[in-house]
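Just below is one structure, and these are the notes that go with it.
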Protein chains: 2
Amino acid sequence: MADYIAPVADIDFTLNQIVELDDVSKLDGFQHLDQDTIRGLISEAGRFYSEVIAPLNRVGDQQGSVLQPDGTVKTPDGFKEAYEKYVEAGWAAAHIPETYGGGGLPYTVGIVFQEMFKSANMAFSLCPLLTQAAIEALIAHGSDEQRDTYLGKLVTGEWTGTMCLTEPEAGSDVGALRTKAVRQPDGTYRLTGTKIFITWGEHDMAENIIHLVLARTPGSAPGTKGISMFIVPKYLLDDDGNPTIRNDVNVVSLEHKLGIHASPTCVLSFGDGGDGAVGYLIGEEQRGMRYMFTMMNTARLGVGIEGLAISEASFQKALAYAQERRQGRAIGAPVTETSPIVEHPDVRRMLLTMKAYIEAMRGLLYTTAKEVDLSRHADTEDERTRAGEIVALLTPVAKAWCTDRGVEMASLGIQIHGGMGYIEETGAPQHFRDSRIAPIYEGTNGIQAIDLVLRKLPMRDGEVVKELFAEIGRTAAELEAHDDFARFRTELSAGLQALAEASEWLGRRLEAGEYNEALAGATPYLEMFGTVTGGWIMAKSALAARQLLDAGGGDDAFLRAKLATARFYGEQLLPKATALLPAITAGTSTLYQADPAALGP
Amino acid sequence: MADYIAPVADIDFTLNQIVELDDVSKLDGFQHLDQDTIRGLISEAGRFYSEVIAPLNRVGDQQGSVLQPDGTVKTPDGFKEAYEKYVEAGWAAAHIPETYGGGGLPYTVGIVFQEMFKSANMAFSLCPLLTQAAIEALIAHGSDEQRDTYLGKLVTGEWTGTMCLTEPEAGSDVGALRTKAVRQPDGTYRLTGTKIFITWGEHDMAENIIHLVLARTPGSAPGTKGISMFIVPKYLLDDDGNPTIRNDVNVVSLEHKLGIHASPTCVLSFGDGGDGAVGYLIGEEQRGMRYMFTMMNTARLGVGIEGLAISEASFQKALAYAQERRQGRAIGAPVTETSPIVEHPDVRRMLLTMKAYIEAMRGLLYTTAKEVDLSRHADTEDERTRAGEIVALLTPVAKAWCTDRGVEMASLGIQIHGGMGYIEETGAPQHFRDSRIAPIYEGTNGIQAIDLVLRKLPMRDGEVVKELFAEIGRTAAELEAHDDFARFRTELSAGLQALAEASEWLGRRLEAGEYNEALAGATPYLEMFGTVTGGWIMAKSALAARQLLDAGGGDDAFLRAKLATARFYGEQLLPKATALLPAITAGTSTLYQADPAALGP
């Protein structure tokens, strides 16, 4: 069995039947991209990730990236060669605007490529993900000269990028960082300090690494307001533009992590050797945090994708195992034979749970990605603004809800394997281990929930949220036309009503300035938000599948499976949303009654 | 910080205020055990597990047990010495009846020791757990001679035991096993076959290992009915009763597992070298499966304990980190300082969630253990029978619900640590990895759910379940006397009503012979059952804490924390139970609509 097969039929259905990618393809600049062209590209990319990248997933986990005595980092066998192929084939550049040497594909298609890369090999995929973030920062805020100097090679993937934010005392609280940057007479800066948790901070796959570093200039404002952003290349360029001069950036150590072993997580020291590492200011001083925010939505969406991608990879293994492994006899099966475990109702339930969440996540993530495209390319300012609002609203939900589901689905993937699921050779445990980072990095899921409640819920006086709810309500109403969706409709309406009620309750707390009361319920609120928007996506899926079936077009088994998973979600998973209302609206009532010390042994 | 501190105050509260251990202490044979004596023993054992066993948890994970070229298995550094101390101190024998050389403590106290051992070092604890199972089998079904020969050294722990059930084609379906046992003229048997997943199947900590092996005699009935149970010692005894003659049992390989690395999971080959391994029949031929069932409840309860124990260990690390780590500023905190993250509402929510589930699990497990004692020692036959029914009913719930929670709580424990939670040095990832086996072994949680629905729900025509529900209803009514428990009362009553409704619905399916319809909802039913019985336990906890506070006796901070966690459970976690009703009563409606092949990529 292949390690991973790109689920192109599912992707295609999501793009065309749920997300309606046509809305993007008809925009200026994308008009050459008809469905068939995009389908062809996705298939081709799928083959690449499946055949070249996926086979390196387990060796990457086993060998990990290793810090050598000379301070370089050796990636696992095969990674360097595969990365070369990735660069040569041009996948790295696919969804960068053509102006900057990219392939000019919509962001939504870029997200599909990301999903496939991450399903194939999550640890590997983080290298291009970080490079992508650096590209976005340079496009948005770099000077013409900086773009000329760095963008080209980053876009092709010949150079890679990092984001250096975290320090030992500055994690979720980025504003506490201490790395110093001092301006030199020639306009460059010298940086000194230590950064931790730097993903792909050093490796042997590219000829240069461009670190984007947050640091503080002398006399800058305290907190996030005083932070600036710098380009700090591993190798400085000589007069011919070649990266030949080693900068003072060094790996102190690599972390020993639960998963994503192939991804070197570095402690990086800047300027340990003397006068500081040479850095170049991006934009203006003390605006670094604002620049960070421009990348945040897409970076967070990229991490949300990991929840989906790991679930898909884990599901494929579990499904194959359940179809092959025979154990016991299913009720109704001939007495003389054992049944594949997929025939047992409990195994079937686990598989449908995985598949239903996967479809809901995919729809939610692609929907958000489409709004990213619309926010950049829609014809009118008003459309772009509206799309941007939806992106802002759905991004924390997509990041946190999908990554929490990712851990749960990887856990179910193990369970379906029975005893074999605990054995590393099956690959199921690696997905479980890899999945666990995604709820943590790029803003913990707790931070996402705070963002949703404090910043997104109040957008345009709560109207952005209300418009989305109205949209979900319209989809719920469409379910009415079909008898077999009656239950789904009831549950979606109930979930939506609970979500509206929760939103109003939280809104009133915010208006009253009772922030802790609102934040106490932030995490269950985000979970409810995700579960109900997932229900909205699955309602669309059910409606589309029904319509195609009735029209007699398409693959019947595929469409009936779509109907089954959509109804399963609507009738059995969606009801969990309303049960979160008490936790959301409890406020701090019991939270602060216990002295933390009295909770311990 | 210590790796683990035995939570003796919590244990004491659970034993005396929730479970009322006095009901056991006043029974014949336990009357010398007053509260203070038991308290003293638990404190002493707690110190042992905390000081001797817990420090080996991480080294055990890192080194693992290793198969040597000579076929022996080397345990991690320090294990052999610690095990010697365990044997010397007499902990192994503490809750074995005095008749067999044990300490004669109630089973409920034995469960407390198990919890502490497993919190300290889950992988290590599995060795005594399996020995315990072997002791129980021999006590219940061994001949006098067998008991004389093997029990003494097993009770002290000088020898250890294993249970050899699983084979490559016989996992959950034990009846499919093929290992052969052929009777010899001298009354012994010769066994040939391969067993997999044999926990502590070979190691260097004891001078002999007594394997209890399920095998099939020639001409035996197919399936589970034809299975017999054998004693197969690693070393046969010479004429002086010393274990000097190597039997033909050999380790083929050790599994590479996600966690519990210190526990050697062996593939064992019997009789590879020639005529078969020498075995001694326990009881009669073809009754082995029945003998297995006598151990099943306590073995499953022992695994349920792992869910609690890992949650406790994981919680202790998370709480300590949250109290120490400063990041950001909590709302209302002085502007000039950063706050320990325990002050942030979302972190507080995660900690209370862990603590609340831990208390509910502990109460549920100890309650079940107490019924084990009553089923063995209560004064009348009727009381013993009633207690045995409760044990039978609650065991699958305790096993599955607690182990599922164990994985979730270990995951929360990681999340509370933020980025540090992903780093192996903190120990949080090990708990997450270790926890994941418990929902799988000793009957997967899916099997537990089937057992609950098919065998336990119909006990005494459903009266056993109804009596438990009536008991929960009485506790719910007691909440009425207190205004601040009003919400808790509403939620417990709602949960109970949903549980009764679910039980009736399932009962009707079973009566109609629609087994698949009932089994389709078995897993959410078990989850609802656990959540509601957890609510019952927490209601008892709240009532007891309130009473002690009102009486002015006891540690106020401790009791207020108990109130807070109980109310948090009742008001915020318990409501999730009712949301499972649609999934329980959906039957197979959508489960079998999708062709499994159409779910794949």
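In the structure tokens, each chain is lettered A, B, ... as it comes, each chain's residues begin at 1, and ligands are numbered from 1 in order of appearance.
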Taking 6 positions as the minimum chain separation for residues in the same chain, which residues sit within 9 Å of Thr188 in chain A when counting only C-alpha atoms? Answer as a PDB file with N, CA, C and O atoms, in the first residue's frame.
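part-v2.pdb, freshly written:
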ATOM      1  N   VAL A 182      21.191  47.007  16.741  1.00  0.00           N
ATOM      2  CA  VAL A 182      21.778  48.347  16.827  1.00  0.00           C
ATOM      3  C   VAL A 182      22.176  48.827  15.430  1.00  0.00           C
ATOM      4  O   VAL A 182      22.886  48.132  14.697  1.00  0.00           O
ATOM      5  N   VAL A 278      24.803  40.503  11.167  1.00  0.00           N
ATOM      6  CA  VAL A 278      24.388  41.596  10.290  1.00  0.00           C
ATOM      7  C   VAL A 278      22.931  41.406   9.880  1.00  0.00           C
ATOM      8  O   VAL A 278      22.526  40.326   9.449  1.00  0.00           O
ATOM      9  N   GLY A 279      22.150  42.481  10.055  1.00  0.00           N
ATOM     10  CA  GLY A 279      20.740  42.420   9.683  1.00  0.00           C
ATOM     11  C   GLY A 279      20.321  43.664   8.929  1.00  0.00           C
ATOM     12  O   GLY A 279      20.958  44.713   9.026  1.00  0.00           O
ATOM     13  N   TYR A 280      19.247  43.501   8.144  1.00  0.00           N
ATOM     14  CA  TYR A 280      18.728  44.618   7.355  1.00  0.00           C
ATOM     15  C   TYR A 280      17.293  44.879   7.766  1.00  0.00           C
ATOM     16  O   TYR A 280      16.455  43.977   7.737  1.00  0.00           O
ATOM     17  N   LEU A 281      17.017  46.113   8.128  1.00  0.00           N
ATOM     18  CA  LEU A 281      15.679  46.477   8.589  1.00  0.00           C
ATOM     19  C   LEU A 281      14.637  46.318   7.482  1.00  0.00           C
ATOM     20  O   LEU A 281      14.867  46.737   6.345  1.00  0.00           O
TER      21      LEU A 281
END
TODO: Quick one: everything within 7 Å of Asp373 in chain A, counting only C-alpha atoms, minus sequence neighbours fewer than 5 positions away in the same chain. Send it as number ranges by chain.
DONE: A: 24, 106-108
Written selection (C-alpha atoms) as a compact mmCIF listing (two decimals), in the first residue's frame:
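What landed in selection_16.txt:
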# COMPACT_ATOMS: atom_id res chain seq x y z
CA VAL A 24 -11.99 32.81 -8.08
CA PRO A 106 -4.82 31.22 -6.67
CA TYR A 107 -4.06 30.90 -2.97
CA THR A 108 -6.87 28.35 -2.73
- [ ] Identify, with DSSP run on backbone atoms, the residues in range 239-378 of chain B assigned to strand (DSSP E or B), and express the list as a VMD selection string.
- [x] chain B and resid 243 to 246 249 to 254 257 265 to 270 277 to 281 326 340
Distance query Phe315 in chain B at most 12 Å, only C-alpha atoms, self and fewer than 6 positions along chain excluded, as a PDB file with C-alpha atoms, in the first residue's frame:
ATOM      1  CA  PRO A 596      -4.310  26.571  42.487  1.00  0.00           C
ATOM      2  CA  LEU A 599      -5.406  21.578  43.518  1.00  0.00           C
ATOM      3  CA  GLY A 600      -2.001  19.948  43.792  1.00  0.00           C
ATOM      4  CA  PRO A 601      -0.939  16.856  45.718  1.00  0.00           C
TER       5      PRO A 601
ATOM      6  CA  ASP B   3       8.538  13.590  39.281  1.00  0.00           C
ATOM      7  CA  TYR B   4       5.406  12.560  41.134  1.00  0.00           C
ATOM      8  CA  ILE B   5       3.947  13.121  44.571  1.00  0.00           C
ATOM      9  CA  PRO B   7      -1.908  12.742  46.156  1.00  0.00           C
ATOM     10  CA  SER B 119       1.388   7.394  38.073  1.00  0.00           C
ATOM     11  CA  LEU B 308      -6.515   7.979  36.084  1.00  0.00           C
ATOM     12  CA  ALA B 309      -2.856   7.512  36.947  1.00  0.00           C
ATOM     13  CA  TYR B 321       4.488  24.555  35.184  1.00  0.00           C
ATOM     14  CA  ALA B 322       1.443  26.844  35.174  1.00  0.00           C
ATOM     15  CA  MET B 350      -7.628  23.364  31.237  1.00  0.00           C
ATOM     16  CA  LEU B 351      -6.344  22.685  34.746  1.00  0.00           C
ATOM     17  CA  LEU B 352      -9.820  22.447  36.244  1.00  0.00           C
ATOM     18  CA  THR B 353     -10.892  20.163  33.410  1.00  0.00           C
ATOM     19  CA  MET B 354      -8.020  17.818  34.218  1.00  0.00           C
ATOM     20  CA  LYS B 355      -8.599  17.943  37.946  1.00  0.00           C
ATOM     21  CA  ALA B 356     -12.350  17.441  37.646  1.00  0.00           C
ATOM     22  CA  TYR B 357     -12.006  14.394  35.407  1.00  0.00           C
ATOM     23  CA  ILE B 358      -9.273  13.000  37.662  1.00  0.00           C
ATOM     24  CA  GLU B 359     -11.529  13.234  40.706  1.00  0.00           C
ATOM     25  CA  GLY B 406      -6.409   9.477  30.093  1.00  0.00           C
ATOM     26  CA  GLU B 408      -7.358  13.482  26.503  1.00  0.00           C
ATOM     27  CA  MET B 409      -5.950  14.634  29.822  1.00  0.00           C
ATOM     28  CA  ALA B 410      -2.370  13.828  28.813  1.00  0.00           C
ATOM     29  CA  SER B 411      -3.022  15.892  25.693  1.00  0.00           C
ATOM     30  CA  LEU B 412      -4.294  18.806  27.809  1.00  0.00           C
ATOM     31  CA  GLY B 413      -1.240  18.396  30.021  1.00  0.00           C
ATOM     32  CA  ILE B 414       0.922  19.041  26.960  1.00  0.00           C
ATOM     33  CA  GLN B 415      -1.181  22.005  25.876  1.00  0.00           C
ATOM     34  CA  ILE B 416      -0.839  23.749  29.248  1.00  0.00           C
ATOM     35  CA  HIS B 417       2.940  23.691  28.765  1.00  0.00           C
ATOM     36  CA  GLY B 427       7.968  14.486  30.555  1.00  0.00           C
ATOM     37  CA  ALA B 428       4.590  15.663  29.245  1.00  0.00           C
ATOM     38  CA  HIS B 431       2.550  10.589  29.416  1.00  0.00           C
ATOM     39  CA  PHE B 432       0.759  11.276  26.131  1.00  0.00           C
TER      40      PHE B 432
END
Task: Atomic separation - CA of Thr199 in chain A relative to CA of Leu301 in chain A, Å - done: 17.0 Å
Task: CA of Ala181 in chain A to CA of Thr217 in chain A, distance in Å rounded to a single decimal - done: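 Computing it gives 5.0 Å between the two atoms.
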- [ ] Show which residues sit within 9 Å of Gln327 in chain B, as an MDAnalysis selection string. Count only C-alpha atoms, and ignore same-chain residues fewer than 4 positions away.
- [x] (chainID A and resid 169:173 176) or (chainID B and resid 338:341)
Open item on the list: Calculated over only C-alpha atoms, which of the candidates B:Ala9, B:Ala82, B:Leu319, B:Leu41 has the smallest distance to Lys562 in chain B?
Closed with: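 Among the listed residues, B:Ala9 lies closest to Lys562 in chain B.
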Task: Residue list (alpha helix (DSSP H), DSSP) for range 247-427 of chain A, as a ChimeraX atom specification - done: /A:288-324,345-377,381-416
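If only C-alpha atoms are the atoms counted, then among B:Thr298, B:Lys153, B:Gly219, B:Pro524 the closest residue to Lys576 in chain A is B:Pro524.
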- [ ] Find the residues around Gly104 in chain A up to 8 Å (only C-alpha atoms counted), leave out those fewer than 2 positions away in its own chain, and share them as a PyMOL selection string.
- [x] chain A and resi 30+94-98+102+106
Could the residues in this selection be written to a file with C-alpha atoms, as a short mmCIF file (atom, residue, chain, number, x, y, z; two decimals), in the first residue's frame?
data_model
loop_
_atom_site.label_atom_id
_atom_site.label_comp_id
_atom_site.auth_asym_id
_atom_site.auth_seq_id
_atom_site.Cartn_x
_atom_site.Cartn_y
_atom_site.Cartn_z
CA PHE A 30 -6.96 33.71 -13.06
CA ALA A 94 3.22 27.65 -7.78
CA HIS A 95 0.98 30.10 -5.98
CA ILE A 96 3.32 33.09 -5.78
CA PRO A 97 2.18 35.96 -8.03
CA GLU A 98 3.76 35.91 -11.48
CA GLY A 102 5.82 32.51 -9.25
CA PRO A 106 -4.82 31.22 -6.67
#
- [ ] Find the residues around Ser50 in chain A up to 12 Å (only C-alpha atoms counted), leave out those fewer than 3 positions away in its own chain, and share them as JSON, numbers by chain.
- [x] {"A": [1, 2, 3, 4, 5, 6, 7, 8, 42, 43, 44, 45, 46, 47, 53, 54, 55, 56, 57, 82, 113, 115, 116, 117, 118, 119, 120, 121, 313], "B": [601]}
Generate the output file for the selected residues, C-alpha atoms, as a CSV table (one decimal), in the first residue's frame.
chain,number,residue,atom,x,y,z
A,1,MET,CA,0.0,0.0,0.0
A,2,ALA,CA,1.2,3.5,-0.8
A,3,ASP,CA,2.1,5.7,2.2
A,4,TYR,CA,-0.3,8.3,1.0
A,5,ILE,CA,-2.5,8.8,-2.1
A,6,ALA,CA,-3.7,12.4,-2.9
A,7,PRO,CA,-7.5,12.3,-2.4
A,8,VAL,CA,-8.1,14.2,-5.7
A,42,ILE,CA,-3.6,19.0,-8.6
A,43,SER,CA,-3.3,15.5,-10.0
A,44,GLU,CA,0.3,16.1,-11.0
A,45,ALA,CA,1.2,17.7,-7.7
A,46,GLY,CA,-0.6,14.8,-5.9
A,47,ARG,CA,1.6,12.3,-7.8
A,53,ILE,CA,7.7,13.1,-0.5
A,54,ALA,CA,5.5,10.6,1.3
A,55,PRO,CA,8.1,7.7,1.1
A,56,LEU,CA,10.4,9.9,3.2
A,57,ASN,CA,8.0,10.3,6.1
A,82,ALA,CA,13.7,15.3,-2.8
A,113,PHE,CA,-0.8,21.7,-2.5
A,115,GLU,CA,-2.5,19.9,2.3
A,116,MET,CA,-1.0,17.2,0.1
A,117,PHE,CA,2.6,18.1,1.2
A,118,LYS,CA,1.6,17.9,4.8
A,119,SER,CA,-0.3,14.7,4.5
A,120,ALA,CA,2.7,13.2,2.7
A,121,ASN,CA,5.3,14.5,5.2
A,313,ALA,CA,-3.1,10.5,6.1
B,601,PRO,CA,-8.8,8.3,-2.0
Task: Within 8 Å of range 248-250 of chain A using only C-alpha atoms, minus same-chain residues under 5 positions, as a PyMOL selection string - done: chain A and resi 71+234+268-273+276-278
For those residues, write N, CA, C and O atoms to a file as a PDB file, in the first residue's frame.
ATOM      1  N   GLY A  71      28.429  22.131  13.622  1.00  0.00           N
ATOM      2  CA  GLY A  71      27.380  23.151  13.731  1.00  0.00           C
ATOM      3  C   GLY A  71      26.381  23.145  12.589  1.00  0.00           C
ATOM      4  O   GLY A  71      25.432  23.925  12.599  1.00  0.00           O
ATOM      5  N   LYS A 234      21.748  33.723   6.572  1.00  0.00           N
ATOM      6  CA  LYS A 234      22.812  32.835   7.067  1.00  0.00           C
ATOM      7  C   LYS A 234      24.134  33.213   6.385  1.00  0.00           C
ATOM      8  O   LYS A 234      25.151  33.372   7.047  1.00  0.00           O
ATOM      9  N   LEU A 268      18.748  29.289  18.154  1.00  0.00           N
ATOM     10  CA  LEU A 268      19.672  30.054  17.310  1.00  0.00           C
ATOM     11  C   LEU A 268      20.276  31.192  18.113  1.00  0.00           C
ATOM     12  O   LEU A 268      19.565  31.916  18.804  1.00  0.00           O
ATOM     13  N   SER A 269      21.571  31.314  17.989  1.00  0.00           N
ATOM     14  CA  SER A 269      22.251  32.402  18.659  1.00  0.00           C
ATOM     15  C   SER A 269      22.706  33.424  17.623  1.00  0.00           C
ATOM     16  O   SER A 269      23.327  33.067  16.618  1.00  0.00           O
ATOM     17  N   PHE A 270      22.377  34.677  17.850  1.00  0.00           N
ATOM     18  CA  PHE A 270      22.761  35.754  16.938  1.00  0.00           C
ATOM     19  C   PHE A 270      23.857  36.592  17.590  1.00  0.00           C
ATOM     20  O   PHE A 270      23.691  37.079  18.713  1.00  0.00           O
ATOM     21  N   GLY A 271      24.960  36.720  16.874  1.00  0.00           N
ATOM     22  CA  GLY A 271      26.012  37.616  17.332  1.00  0.00           C
ATOM     23  C   GLY A 271      26.839  37.114  18.486  1.00  0.00           C
ATOM     24  O   GLY A 271      27.449  37.906  19.205  1.00  0.00           O
ATOM     25  N   ASP A 272      26.874  35.812  18.639  1.00  0.00           N
ATOM     26  CA  ASP A 272      27.671  35.242  19.722  1.00  0.00           C
ATOM     27  C   ASP A 272      29.158  35.470  19.521  1.00  0.00           C
ATOM     28  O   ASP A 272      29.914  35.552  20.474  1.00  0.00           O
ATOM     29  N   GLY A 273      29.570  35.584  18.265  1.00  0.00           N
ATOM     30  CA  GLY A 273      30.987  35.621  17.947  1.00  0.00           C
ATOM     31  C   GLY A 273      31.622  36.996  18.079  1.00  0.00           C
ATOM     32  O   GLY A 273      32.824  37.137  17.895  1.00  0.00           O
ATOM     33  N   GLY A 276      27.888  41.130  16.618  1.00  0.00           N
ATOM     34  CA  GLY A 276      26.481  40.968  16.280  1.00  0.00           C
ATOM     35  C   GLY A 276      26.318  40.455  14.866  1.00  0.00           C
ATOM     36  O   GLY A 276      27.206  40.615  14.018  1.00  0.00           O
ATOM     37  N   ALA A 277      25.185  39.812  14.618  1.00  0.00           N
ATOM     38  CA  ALA A 277      24.888  39.326  13.273  1.00  0.00           C
ATOM     39  C   ALA A 277      24.401  40.492  12.434  1.00  0.00           C
ATOM     40  O   ALA A 277      23.701  41.380  12.929  1.00  0.00           O
ATOM     41  N   VAL A 278      24.803  40.503  11.167  1.00  0.00           N
ATOM     42  CA  VAL A 278      24.388  41.596  10.290  1.00  0.00           C
ATOM     43  C   VAL A 278      22.931  41.406   9.880  1.00  0.00           C
ATOM     44  O   VAL A 278      22.526  40.326   9.449  1.00  0.00           O
TER      45      VAL A 278
END
TODO: Using only C-alpha atoms, pick whichever of A:Glu371, A:Glu480, A:Glu145, A:Asp12 has the shortest atom-to-atom distance to Arg384 in chain A.
DONE: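 Under the stated criterion, the closest residue is A:Glu371.
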